[in-house]
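Undergrad: One file is attached below, coords21.csv, containing CSV, C-alpha atoms.
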chain,number,residue,atom,x,y,z
N,35,MET,CA,187.6,78.4,99.7
N,36,GLY,CA,185.0,81.1,100.6
N,37,ASP,CA,181.3,81.2,99.9
N,38,THR,CA,181.8,83.4,96.8
N,39,ILE,CA,183.9,82.7,93.7
N,40,TYR,CA,184.0,84.3,90.3
N,41,LEU,CA,184.4,82.5,87.0
N,42,GLN,CA,186.0,84.4,84.1
N,43,PHE,CA,185.4,82.6,80.8
N,44,ASP,CA,187.7,83.5,77.9
N,45,GLY,CA,186.1,86.0,75.5
N,46,LEU,CA,183.6,87.4,78.1
N,47,LYS,CA,184.3,90.7,79.7
N,48,ALA,CA,182.1,90.1,82.7
N,49,PRO,CA,182.4,87.1,85.1
N,50,VAL,CA,179.9,84.6,86.5
N,51,GLN,CA,179.4,84.9,90.3
N,52,LEU,CA,178.8,81.7,92.3
N,53,ILE,CA,177.6,82.0,95.9
N,54,ARG,CA,177.5,78.8,97.9
N,55,ALA,CA,177.3,77.1,94.5
N,56,GLN,CA,180.7,75.4,94.3
N,57,SER,CA,178.9,72.1,93.8
N,58,LEU,CA,178.3,73.3,90.2
N,59,LEU,CA,182.0,73.5,89.3
N,60,PRO,CA,182.4,69.8,88.3
N,61,LEU,CA,179.2,69.9,86.3
N,62,LEU,CA,180.2,73.1,84.6
N,63,ALA,CA,183.5,71.5,83.6
N,64,LYS,CA,181.6,68.8,81.9
N,65,ALA,CA,178.9,71.0,80.3
N,66,LEU,CA,181.5,73.5,79.0
N,67,PRO,CA,184.5,71.2,78.5
N,68,ASN,CA,186.1,73.3,75.7
N,69,TRP,CA,185.5,76.9,77.0
N,70,PRO,CA,188.5,77.9,79.0
N,71,VAL,CA,187.7,79.5,82.4
N,72,HIS,CA,189.7,81.0,85.2
N,73,MET,CA,188.5,81.1,88.8
N,74,HIS,CA,189.0,84.0,91.3
N,75,GLN,CA,187.9,84.7,94.8
N,76,SER,CA,188.5,88.5,94.8
N,77,PRO,CA,185.7,90.6,93.3
N,78,PRO,CA,186.7,91.7,89.7
N,79,ASP,CA,186.6,95.2,88.3
N,80,THR,CA,183.7,94.3,86.0
N,81,PRO,CA,180.5,93.3,87.8
N,82,ALA,CA,179.2,89.8,87.1
N,83,PHE,CA,176.6,89.4,84.4
N,84,ILE,CA,174.9,86.6,86.2
N,85,ARG,CA,174.8,85.4,89.8
N,86,ILE,CA,174.0,81.8,90.9
N,87,LEU,CA,173.2,81.3,94.6
N,88,GLY,CA,172.9,77.9,96.2
N,89,VAL,CA,169.7,77.9,98.2
N,90,GLU,CA,169.3,74.2,99.2
N,91,SER,CA,170.5,70.8,98.2
N,92,ASN,CA,170.8,70.8,94.4
N,93,MET,CA,168.6,73.9,94.1
N,94,PHE,CA,169.9,77.3,92.9
N,95,ALA,CA,168.6,80.8,92.4
N,96,VAL,CA,169.8,82.4,89.1
N,97,ALA,CA,169.7,86.2,88.8
N,98,VAL,CA,170.7,88.0,85.6
N,99,THR,CA,172.2,91.4,86.3
N,100,ALA,CA,170.5,93.2,83.4
N,101,GLU,CA,167.0,91.9,84.4
N,102,LYS,CA,164.8,93.3,87.1
N,103,THR,CA,162.8,90.1,87.5
N,104,ALA,CA,163.0,87.8,90.5
N,105,PRO,CA,165.7,85.2,90.5
N,106,ARG,CA,164.7,81.9,88.8
N,107,ARG,CA,165.0,78.7,90.9
N,108,TRP,CA,166.5,75.7,89.1
N,109,ASN,CA,168.1,72.3,89.9
N,110,ALA,CA,171.8,72.1,89.0
N,111,VAL,CA,171.5,71.1,85.3
N,112,ASN,CA,168.7,73.6,84.6
N,113,ALA,CA,170.8,76.3,86.3
N,114,ILE,CA,173.7,75.5,83.9
N,115,CYS,CA,171.3,75.6,80.9
N,116,ASP,CA,170.1,79.0,82.0
N,117,LEU,CA,173.7,80.2,82.4
N,118,ILE,CA,174.7,79.0,79.0
N,119,SER,CA,171.8,80.9,77.5
N,120,GLU,CA,172.9,84.1,79.2
N,121,MET,CA,176.5,83.5,78.0
N,122,ALA,CA,175.4,83.9,74.4
N,123,TRP,CA,174.2,87.5,75.2
N,124,ALA,CA,177.4,88.1,77.3
N,125,LYS,CA,179.4,87.0,74.3
N,126,LEU,CA,177.8,89.7,72.1
N,127,ARG,CA,178.2,92.3,74.8
N,128,SER,CA,181.9,91.5,75.0
N,129,GLN,CA,182.4,91.3,71.2
N,130,PRO,CA,179.7,93.5,69.6
N,131,GLU,CA,181.2,93.1,66.2
N,132,LEU,CA,180.0,89.5,66.0
N,133,LEU,CA,176.8,88.3,64.5
N,134,CYS,CA,175.0,85.5,66.4
N,135,VAL,CA,172.5,83.0,65.1
N,136,HIS,CA,170.3,80.6,66.9
N,137,GLY,CA,171.1,77.2,65.4
N,138,ALA,CA,173.4,74.2,65.4
N,139,ALA,CA,176.6,74.0,63.4
N,140,VAL,CA,178.5,70.9,62.5
N,141,GLU,CA,181.8,70.6,60.6
N,142,PHE,CA,181.9,68.8,57.3
N,143,CYS,CA,185.1,68.8,55.2
N,144,GLU,CA,186.5,71.9,57.0
N,145,ARG,CA,183.3,73.9,56.5
N,146,LEU,CA,180.4,74.5,58.8
N,147,VAL,CA,176.9,73.4,57.9
N,148,LEU,CA,174.5,75.6,59.8
N,149,PHE,CA,171.1,74.4,60.9
N,150,PRO,CA,169.1,77.5,61.8
N,151,ASN,CA,166.8,77.0,64.8
N,152,THR,CA,163.2,76.0,64.2
N,153,ARG,CA,161.1,75.1,67.2
N,154,ARG,CA,160.9,71.3,67.8
N,155,ALA,CA,162.8,70.6,64.5
N,156,GLY,CA,165.4,68.6,66.3
N,157,LYS,CA,168.6,70.6,65.6
N,158,SER,CA,170.2,69.6,68.9
N,159,THR,CA,169.4,65.9,68.6
N,160,LEU,CA,170.6,65.9,65.0
N,161,ALA,CA,173.9,67.5,66.1
N,162,ALA,CA,174.2,64.8,68.8
N,163,VAL,CA,173.6,62.0,66.4
N,164,LEU,CA,176.1,63.5,63.9
N,165,ALA,CA,178.6,63.7,66.8
N,166,ARG,CA,178.1,60.0,67.5
N,167,LEU,CA,179.0,59.4,63.8
N,168,GLY,CA,182.3,61.3,64.4
N,169,GLN,CA,181.4,64.8,63.1
N,170,THR,CA,182.8,67.7,65.1
N,171,VAL,CA,180.1,69.9,66.7
N,172,PHE,CA,180.8,73.7,66.9
N,173,THR,CA,177.5,74.4,68.6
N,174,ASP,CA,174.0,73.0,69.1
N,175,ASP,CA,172.4,76.2,70.2
N,176,PHE,CA,174.0,79.5,69.2
N,177,LEU,CA,176.7,80.3,66.6
N,178,PRO,CA,178.8,83.5,66.8
N,179,ILE,CA,179.8,84.6,63.3
N,180,GLU,CA,182.8,86.8,62.6
N,181,ILE,CA,184.2,88.5,59.5
N,182,ALA,CA,187.9,87.6,59.3
N,183,ARG,CA,190.5,90.0,58.1
N,184,ASN,CA,190.4,88.4,54.7
N,185,ARG,CA,186.6,89.0,54.7
N,186,VAL,CA,185.7,85.3,55.0
N,187,ILE,CA,182.5,84.7,57.0
N,188,SER,CA,183.2,82.1,59.6
N,189,GLY,CA,181.5,80.5,62.6
N,190,LEU,CA,183.1,80.3,66.0
N,191,ALA,CA,182.9,77.3,68.2
N,192,THR,CA,181.3,77.9,71.6
N,193,GLY,CA,183.0,75.1,73.6
N,194,VAL,CA,179.6,74.0,75.0
N,195,ALA,CA,178.8,70.3,74.9
N,196,PRO,CA,175.8,69.4,72.8
N,197,ARG,CA,172.7,68.8,74.9
N,198,ILE,CA,170.0,66.2,74.2
N,199,ARG,CA,166.5,66.3,75.5
N,200,LEU,CA,165.4,63.3,77.7
N,201,PRO,CA,163.8,60.9,77.6
N,202,ILE,CA,165.2,59.8,74.2
N,203,PRO,CA,162.2,58.9,71.9
N,204,PRO,CA,161.6,55.1,71.6
N,205,GLU,CA,162.3,55.0,67.9
N,206,PHE,CA,166.0,55.7,68.5
N,207,SER,CA,168.2,52.6,68.3
N,208,HIS,CA,169.5,50.8,71.4
N,209,ALA,CA,173.0,51.6,70.3
N,210,PHE,CA,172.3,55.4,70.3
N,211,LYS,CA,170.6,55.2,73.7
N,212,ALA,CA,173.5,53.2,75.1
N,213,TRP,CA,176.0,55.8,73.7
N,214,VAL,CA,174.1,58.6,75.5
N,215,ALA,CA,173.8,56.6,78.7
N,216,ALA,CA,177.6,56.0,78.7
N,217,ASP,CA,178.5,59.6,78.3
N,218,SER,CA,179.9,61.2,81.5
N,219,GLY,CA,178.1,64.5,81.0
N,220,PRO,CA,175.6,65.9,83.7
N,221,ALA,CA,172.0,65.1,83.3
N,222,ASN,CA,168.6,65.5,84.9
N,223,PRO,CA,165.2,64.1,83.9
N,224,GLN,CA,164.9,66.7,81.1
N,225,TYR,CA,168.4,67.1,79.6
N,226,LYS,CA,171.8,65.5,79.3
N,227,PHE,CA,175.1,67.2,78.2
N,228,LEU,CA,177.2,65.0,76.0
N,229,SER,CA,180.6,65.8,77.3
N,230,ASP,CA,182.4,63.0,75.5
N,231,ALA,CA,181.1,64.0,72.0
N,232,PRO,CA,183.6,65.4,69.4
N,233,LEU,CA,183.6,69.1,70.2
N,234,ALA,CA,185.6,72.0,68.8
N,235,LYS,CA,187.5,74.2,71.2
N,236,ALA,CA,185.9,77.6,72.0
N,237,GLY,CA,186.9,80.2,69.5
N,238,ALA,CA,187.9,77.7,66.8
N,239,ALA,CA,186.9,79.2,63.4
N,240,ARG,CA,185.6,77.5,60.3
N,241,PRO,CA,184.2,79.2,57.2
N,242,LEU,CA,180.4,78.7,56.8
N,243,GLY,CA,179.8,76.3,53.9
N,244,ALA,CA,176.0,75.6,53.7
N,245,ILE,CA,172.7,76.4,55.3
N,246,VAL,CA,170.2,73.6,56.0
N,247,THR,CA,166.7,74.3,57.4
N,248,LEU,CA,165.0,71.4,59.1
N,249,LEU,CA,161.5,70.0,58.6
N,250,ARG,CA,160.8,67.1,60.9
N,251,ARG,CA,157.8,64.9,60.1
N,252,ASP,CA,155.8,62.9,62.6
N,253,ASP,CA,155.0,60.2,60.0
N,254,PRO,CA,157.8,57.9,58.8
N,255,THR,CA,159.6,59.8,56.0
N,256,PRO,CA,162.9,58.9,54.3
N,257,PRO,CA,165.3,61.8,54.7
N,258,ARG,CA,165.7,64.1,51.7
N,259,LEU,CA,167.8,67.2,51.0
N,260,GLU,CA,166.2,69.7,48.6
N,261,PRO,CA,167.5,73.1,47.5
N,262,ILE,CA,165.5,76.1,48.8
N,263,SER,CA,165.4,79.7,47.4
N,264,ARG,CA,167.7,82.4,48.5
N,265,ALA,CA,164.7,84.2,49.9
N,266,ALA,CA,163.9,81.3,52.2
N,267,ALA,CA,167.5,81.0,53.3
N,268,MET,CA,167.7,84.8,54.0
N,269,GLU,CA,164.5,84.7,56.0
N,270,ALA,CA,165.8,81.8,58.1
N,271,MET,CA,169.1,83.6,58.8
N,272,ILE,CA,167.4,86.9,59.6
N,273,VAL,CA,164.8,85.4,61.9
N,274,GLN,CA,167.3,83.5,63.8
N,275,ASN,CA,169.8,86.3,64.1
N,276,PHE,CA,169.9,87.8,67.6
N,277,ALA,CA,172.8,90.3,67.3
N,278,ARG,CA,171.6,93.7,68.6
N,279,ALA,CA,174.9,95.7,68.6
N,280,ILE,CA,175.4,95.8,64.8
N,281,GLU,CA,173.7,98.2,62.4
N,282,SER,CA,171.0,96.2,60.6
N,283,GLY,CA,172.2,97.2,57.2
N,284,ALA,CA,175.5,95.4,57.8
N,285,ILE,CA,173.6,92.3,59.1
N,286,LEU,CA,171.4,92.3,56.0
N,287,LYS,CA,174.4,92.7,53.7
N,288,THR,CA,176.2,89.8,55.5
N,289,VAL,CA,173.1,87.6,55.1
N,290,GLU,CA,172.9,88.5,51.5
N,291,ALA,CA,176.6,87.5,51.0
N,292,LEU,CA,176.1,84.2,52.7
N,293,THR,CA,173.0,83.2,50.7
N,294,ALA,CA,174.5,84.4,47.4
N,295,SER,CA,177.6,82.3,48.0
N,296,LEU,CA,176.5,79.2,49.8
N,297,PRO,CA,174.1,76.4,48.9
N,298,ALA,CA,170.9,76.3,50.9
N,299,TYR,CA,168.7,73.3,51.5
N,300,GLN,CA,165.8,72.0,53.4
N,301,LEU,CA,166.2,68.6,55.1
N,302,THR,CA,162.9,66.8,55.5
N,303,TYR,CA,163.2,63.8,57.8
N,304,HIS,CA,161.5,61.7,60.5
N,305,SER,CA,164.3,59.7,62.1
N,306,GLY,CA,167.3,61.7,63.5
N,307,GLU,CA,169.6,58.7,63.1
N,308,ASP,CA,168.5,58.1,59.5
N,309,ALA,CA,168.9,61.9,58.7
N,310,ALA,CA,172.4,62.0,60.3
N,311,ALA,CA,173.6,59.0,58.3
N,312,TYR,CA,172.1,60.5,55.1
N,313,LEU,CA,173.8,63.8,55.6
N,314,GLN,CA,177.2,62.2,56.4
N,315,ALA,CA,177.1,60.2,53.2
N,316,HIS,CA,175.6,63.0,51.0
N,317,THR,CA,177.9,64.5,48.3
N,318,ALA,CA,176.5,68.0,48.8
N,319,PHE,CA,178.8,68.7,51.7
N,320,SER,CA,182.1,68.0,50.0
N,321,GLY,CA,183.9,70.9,48.3
N,322,LEU,CA,181.7,73.5,49.8
N,323,PRO,CA,182.4,77.2,48.9
N,324,VAL,CA,183.5,80.0,51.2
N,325,ALA,CA,181.4,83.1,51.6
N,326,LYS,CA,183.1,86.5,51.7
N,327,LEU,CA,181.9,90.0,52.6
N,328,ALA,CA,182.6,92.8,50.3
N,329,PRO,CA,185.4,95.2,51.5
N,330,ASP,CA,183.2,98.2,51.6
N,331,ILE,CA,180.7,96.7,54.1
N,332,VAL,CA,181.6,97.9,57.6
N,333,MET,CA,180.2,96.2,60.7
N,334,ARG,CA,179.2,99.4,62.3
N,335,PRO,CA,177.6,99.5,65.8
N,336,ALA,CA,173.9,100.0,65.9
N,337,PRO,CA,172.5,103.3,67.2
N,338,LEU,CA,171.0,103.7,70.6
N,339,ASP,CA,167.3,102.9,70.6
N,340,LEU,CA,165.6,106.0,69.4
N,341,GLY,CA,162.1,104.9,70.5
N,342,GLN,CA,159.5,107.0,68.7
N,343,ALA,CA,161.8,110.1,68.4
N,344,GLY,CA,162.9,109.2,64.9
N,345,ALA,CA,159.6,107.9,63.7
N,346,HIS,CA,157.4,109.9,61.3
N,347,LYS,CA,153.7,110.2,61.9
N,348,PHE,CA,152.0,109.6,58.5
N,349,ASP,CA,149.8,112.3,57.1
N,350,SER,CA,147.6,111.0,54.3
N,351,ALA,CA,147.2,114.5,52.9
N,352,GLN,CA,150.9,114.9,52.2
N,353,PRO,CA,153.0,113.2,49.4
N,354,HIS,CA,155.8,111.0,50.7
N,355,ARG,CA,159.0,109.4,49.4
N,356,GLN,CA,161.6,106.9,50.4
N,357,CYS,CA,164.1,108.0,53.0
N,358,ALA,CA,167.7,108.3,52.0
N,359,GLY,CA,170.1,105.8,53.5
N,360,VAL,CA,167.7,102.8,53.4
N,361,THR,CA,169.4,99.5,52.6
N,362,GLU,CA,167.4,97.4,50.1
N,363,ILE,CA,167.9,93.8,49.1
N,364,LYS,CA,165.8,92.0,46.5
N,365,THR,CA,166.2,88.3,45.7
N,366,ASP,CA,163.8,85.8,44.1
N,367,ASP,CA,160.4,86.9,45.4
N,368,ALA,CA,161.7,88.5,48.6
N,369,HIS,CA,162.3,92.1,49.3
N,370,PHE,CA,164.1,93.3,52.5
N,371,LEU,CA,164.7,96.8,53.8
N,372,THR,CA,166.5,98.3,56.8
N,373,ASP,CA,165.7,101.7,58.1
N,374,LYS,CA,168.2,104.5,57.7
N,375,ASN,CA,169.1,104.3,61.4
N,376,GLY,CA,170.0,100.6,61.1
N,377,MET,CA,167.7,99.4,63.9
N,378,ALA,CA,165.5,96.8,62.2
N,379,ILE,CA,165.1,94.6,59.1
N,380,HIS,CA,161.8,94.5,57.3
N,381,ARG,CA,160.5,91.9,54.8
N,382,LEU,CA,157.9,93.3,52.4
N,383,ASN,CA,155.0,91.4,51.0
N,384,PRO,CA,154.1,91.8,47.3
N,385,GLY,CA,151.6,94.6,48.0
N,386,SER,CA,153.9,96.6,50.2
N,387,SER,CA,156.8,96.0,47.8
N,388,ALA,CA,154.7,97.6,44.9
N,389,ILE,CA,153.9,100.6,47.1
N,390,TRP,CA,157.6,100.9,48.1
N,391,ARG,CA,158.6,101.1,44.4
N,392,LEU,CA,156.0,103.9,43.8
N,393,LEU,CA,157.6,105.8,46.7
N,394,ALA,CA,160.8,106.2,44.7
N,395,GLU,CA,159.3,109.5,43.7
N,396,PRO,CA,157.1,111.8,45.9
N,397,ILE,CA,153.6,110.4,45.7
N,398,GLY,CA,150.4,110.7,47.8
N,399,LEU,CA,148.0,108.1,49.1
N,400,ASP,CA,145.3,109.0,46.5
N,401,GLU,CA,147.7,108.5,43.6
N,402,ILE,CA,149.0,105.3,45.0
N,403,VAL,CA,145.5,104.0,45.3
N,404,ALA,CA,144.7,105.0,41.7
N,405,VAL,CA,147.8,103.3,40.3
N,406,LEU,CA,147.0,100.0,42.3
N,407,CYS,CA,143.3,100.0,41.3
N,408,ALA,CA,144.3,100.2,37.7
N,409,ALA,CA,146.8,97.4,38.1
N,410,PHE,CA,144.5,95.2,40.2
N,411,PRO,CA,140.9,95.7,38.9
N,412,ASP,CA,139.6,92.6,40.6
N,413,ILE,CA,140.3,93.9,44.1
N,414,ALA,CA,137.8,96.3,45.7
N,415,PRO,CA,139.1,99.9,45.8
N,416,ALA,CA,138.2,100.2,49.4
N,417,GLN,CA,140.4,97.2,50.2
N,418,ILE,CA,143.3,98.7,48.2
N,419,ARG,CA,142.9,102.0,50.0
N,420,ALA,CA,142.9,100.4,53.5
N,421,ASP,CA,145.9,98.2,52.7
N,422,SER,CA,147.8,101.1,51.2
N,423,LEU,CA,147.2,103.3,54.2
N,424,ALA,CA,148.3,100.6,56.5
N,425,ALA,CA,151.5,100.0,54.5
N,426,LEU,CA,152.3,103.7,54.5
N,427,GLN,CA,151.7,104.1,58.2
N,428,GLN,CA,154.0,101.1,58.8
N,429,PHE,CA,156.7,102.6,56.5
N,430,ALA,CA,156.5,105.9,58.4
N,431,HIS,CA,156.6,104.2,61.8
N,432,SER,CA,159.7,102.3,60.7
N,433,ARG,CA,161.5,105.4,59.5
N,434,LEU,CA,161.5,104.2,55.9
N,435,ILE,CA,159.6,107.1,54.3
N,436,GLU,CA,159.3,110.9,54.9
N,437,ALA,CA,157.1,113.7,53.8
N,438,ALA,CA,158.4,115.1,50.5
N,439,PRO,CA,159.6,118.7,50.8
N,440,ALA,CA,158.2,121.3,48.3
N,441,ALA,CA,161.4,121.3,46.2
N,442,ALA,CA,161.2,117.6,45.6
N,443,LEU,CA,157.5,117.9,44.6
N,444,GLN,CA,158.5,120.6,42.0
N,445,THR,CA,161.3,118.4,40.6
N,446,ALA,CA,159.0,115.4,40.3
N,447,ALA,CA,156.3,117.5,38.6
N,448,ALA,CA,158.8,118.8,36.1
N,449,ARG,CA,159.7,115.3,34.9
Please express the file's structure as structure tokens.

TA:
Amino acid sequence: MGDTIYLQFDGLKAPVQLIRAQSLLPLLAKALPNWPVHMHQSPPDTPAFIRILGVESNMFAVAVTAEKTAPRRWNAVNAICDLISEMAWAKLRSQPELLCVHGAAVEFCERLVLFPNTRRAGKSTLAAVLARLGQTVFTDDFLPIEIARNRVISGLATGVAPRIRLPIPPEFSHAFKAWVAADSGPANPQYKFLSDAPLAKAGAARPLGAIVTLLRRDDPTPPRLEPISRAAAMEAMIVQNFARAIESGAILKTVEALTASLPAYQLTYHSGEDAAAYLQAHTAFSGLPVAKLAPDIVMRPAPLDLGQAGAHKFDSAQPHRQCAGVTEIKTDDAHFLTDKNGMAIHRLNPGSSAIWRLLAEPIGLDEIVAVLCAAFPDIAPAQIRADSLAALQQFAHSRLIEAAPAAALQTAAAR
């Protein structure tokens, strides 16, 4: 075998290039046990999206093709962690019609319960503990989401073994620590892949059934599962979405469909083991519904980045109005917009939401300030004016409003 080999993972258009890094192959087989891969020695037609070069014993330089930064130096396990992170982006480049969410997903009664990522909330550890209890893990890091032909919104398994951070906290049971230690997956002082855990095969699909945000407490707290608002669930899904190839209006409509159809909860807990046992026994995850996307919503590709070319510079002397083609979703106390070019999702606060409603007809800054001063007499007019100007400037920068043409002003005046 030569110094260079190429790994072609199913579902990815571009390969992984290994140079003097064949020692990673058995570790990769353990870390990605259910993601089929084919090995080649001849250079493929499509350039590799990542290159891993062996530089010394157990040390590797990882270079991402799309980045201009210097290669990162890692030990074997950290190099694999870096590769898996880049594979999430390669998955989206290969299948741009997919959404992708940072989070863990575990199967309950033929549905996926999604745990959107929150820093240090313990999603990966919770997925690992649920796996020890026999639940099948679809992912502990990123979940590709597809719209099936029947419009069902489903999550796709990644085939990547769940990864637990080391050392395991002392409050975990001896039985759990022994289970982790007995697993044959690769490990270093920071992480261990649990290759023997119940894991779905890459590409396996299950309908999404519930959304559970995580709140981990430092103080001893019995686990409890409480409903959250649609607004909170939408925000969690939007914040953790990292699809870039789909028009944002379609993303927003998909998130709306998910949160309208599926139950959403917050799990507050201290012990991951107690939380996993609590979730496994909970009746909330039996008979979960299925979310579907309306037939008229098309997963269109996002436009190329327009930079500032499409942005409008706000002129406070001119009346403005809402741009045509803006996607608008209102639920509970939340108000979301996407610009007409489908490049971003914006959440409005109550003040900017009120200003947005006024912009349904052509209106100027002075008139907006007058209306808001009458509605909020306890707030200083200078503060209202400053806040209104800032909101209007942001709307214009985000391509949400435009200067009203003379014909529109005449029509509005005649009403």

Undergrad: Atom CA of N:Ile53 to atom CA of N:Ile198: how many Å, to one decimal?

TA: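 Atom-to-atom, atom CA of N:Ile53 to atom CA of N:Ile198, that is 27.9 Å.
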
Undergrad: One decimal, in Å: what's the spacing between atom CA of N:Val71 and atom CA of N:Lys47?

TA: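 Separation between atom CA of N:Val71 and atom CA of N:Lys47: 12.0 Å.
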
Undergrad: Using all atoms listed in the file, which of the listed residues (N:Ala404, N:Val273, N:Leu200, N:Leu66) sits closest to N:Thr152?

TA: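 Comparing N:Ala404, N:Val273, N:Leu200, N:Leu66 against N:Thr152, the winner is N:Val273.
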
Undergrad: What's the 12 Å shell around N:Lys157, counting only C-alpha atoms, without same-chain residues fewer than 5 positions away, as JSON, numbers by chain?

TA: {"N": [136, 137, 138, 139, 140, 147, 148, 149, 150, 151, 152, 162, 163, 164, 171, 173, 174, 175, 176, 196, 197, 198, 199, 246, 247, 248, 249, 250, 301, 303, 306, 309, 310]}

Undergrad: Keeping C-alpha atoms for every residue in the selection just given, could you write it to a file as a PDB file, in the coordinates of the input?

TA:
ATOM      1  CA  HIS N 136     170.300  80.600  66.900  1.00  0.00           C
ATOM      2  CA  GLY N 137     171.100  77.200  65.400  1.00  0.00           C
ATOM      3  CA  ALA N 138     173.400  74.200  65.400  1.00  0.00           C
ATOM      4  CA  ALA N 139     176.600  74.000  63.400  1.00  0.00           C
ATOM      5  CA  VAL N 140     178.500  70.900  62.500  1.00  0.00           C
ATOM      6  CA  VAL N 147     176.900  73.400  57.900  1.00  0.00           C
ATOM      7  CA  LEU N 148     174.500  75.600  59.800  1.00  0.00           C
ATOM      8  CA  PHE N 149     171.100  74.400  60.900  1.00  0.00           C
ATOM      9  CA  PRO N 150     169.100  77.500  61.800  1.00  0.00           C
ATOM     10  CA  ASN N 151     166.800  77.000  64.800  1.00  0.00           C
ATOM     11  CA  THR N 152     163.200  76.000  64.200  1.00  0.00           C
ATOM     12  CA  ALA N 162     174.200  64.800  68.800  1.00  0.00           C
ATOM     13  CA  VAL N 163     173.600  62.000  66.400  1.00  0.00           C
ATOM     14  CA  LEU N 164     176.100  63.500  63.900  1.00  0.00           C
ATOM     15  CA  VAL N 171     180.100  69.900  66.700  1.00  0.00           C
ATOM     16  CA  THR N 173     177.500  74.400  68.600  1.00  0.00           C
ATOM     17  CA  ASP N 174     174.000  73.000  69.100  1.00  0.00           C
ATOM     18  CA  ASP N 175     172.400  76.200  70.200  1.00  0.00           C
ATOM     19  CA  PHE N 176     174.000  79.500  69.200  1.00  0.00           C
ATOM     20  CA  PRO N 196     175.800  69.400  72.800  1.00  0.00           C
ATOM     21  CA  ARG N 197     172.700  68.800  74.900  1.00  0.00           C
ATOM     22  CA  ILE N 198     170.000  66.200  74.200  1.00  0.00           C
ATOM     23  CA  ARG N 199     166.500  66.300  75.500  1.00  0.00           C
ATOM     24  CA  VAL N 246     170.200  73.600  56.000  1.00  0.00           C
ATOM     25  CA  THR N 247     166.700  74.300  57.400  1.00  0.00           C
ATOM     26  CA  LEU N 248     165.000  71.400  59.100  1.00  0.00           C
ATOM     27  CA  LEU N 249     161.500  70.000  58.600  1.00  0.00           C
ATOM     28  CA  ARG N 250     160.800  67.100  60.900  1.00  0.00           C
ATOM     29  CA  LEU N 301     166.200  68.600  55.100  1.00  0.00           C
ATOM     30  CA  TYR N 303     163.200  63.800  57.800  1.00  0.00           C
ATOM     31  CA  GLY N 306     167.300  61.700  63.500  1.00  0.00           C
ATOM     32  CA  ALA N 309     168.900  61.900  58.700  1.00  0.00           C
ATOM     33  CA  ALA N 310     172.400  62.000  60.300  1.00  0.00           C
TER      34      ALA N 310
END

Undergrad: Find the residue from N:Pro105, N:Pro256, N:Pro67, N:Pro415 that sits nearest to N:Ala234; use only C-alpha atoms when measuring.

TA: N:Pro67

Undergrad: Residues at most 9 Å from stretch 87-104 of chain N, counting only C-alpha atoms, excluding those fewer than 4 positions away in the same chain, as an NGL selection string?

TA: :N and (51-58 or 81-83 or 108-110 or 113 or 116-117 or 120)

Undergrad: Compare N:Ile114, N:Met73, N:Leu146, N:Leu59 by their minimum atom-to-atom distance to N:Gln169, counting only C-alpha atoms, and give me the closest one.

TA: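 When distances to N:Gln169 are compared using only C-alpha atoms, the smallest one comes from N:Leu146.
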
Undergrad: Name the closest residue to N:Ala270 among the candidates N:Val135, N:Gly156, N:Ile418, N:Pro323; distances are taken between atoms, counting only C-alpha atoms.

TA: N:Val135

Undergrad: Quick one: residues within 10 Å of N:Ala236, only C-alpha atoms, excluding same-chain residues fewer than 3 positions away - as number ranges by chain?

TA: N: 44-45, 66-70, 172-173, 190-194, 233, 239
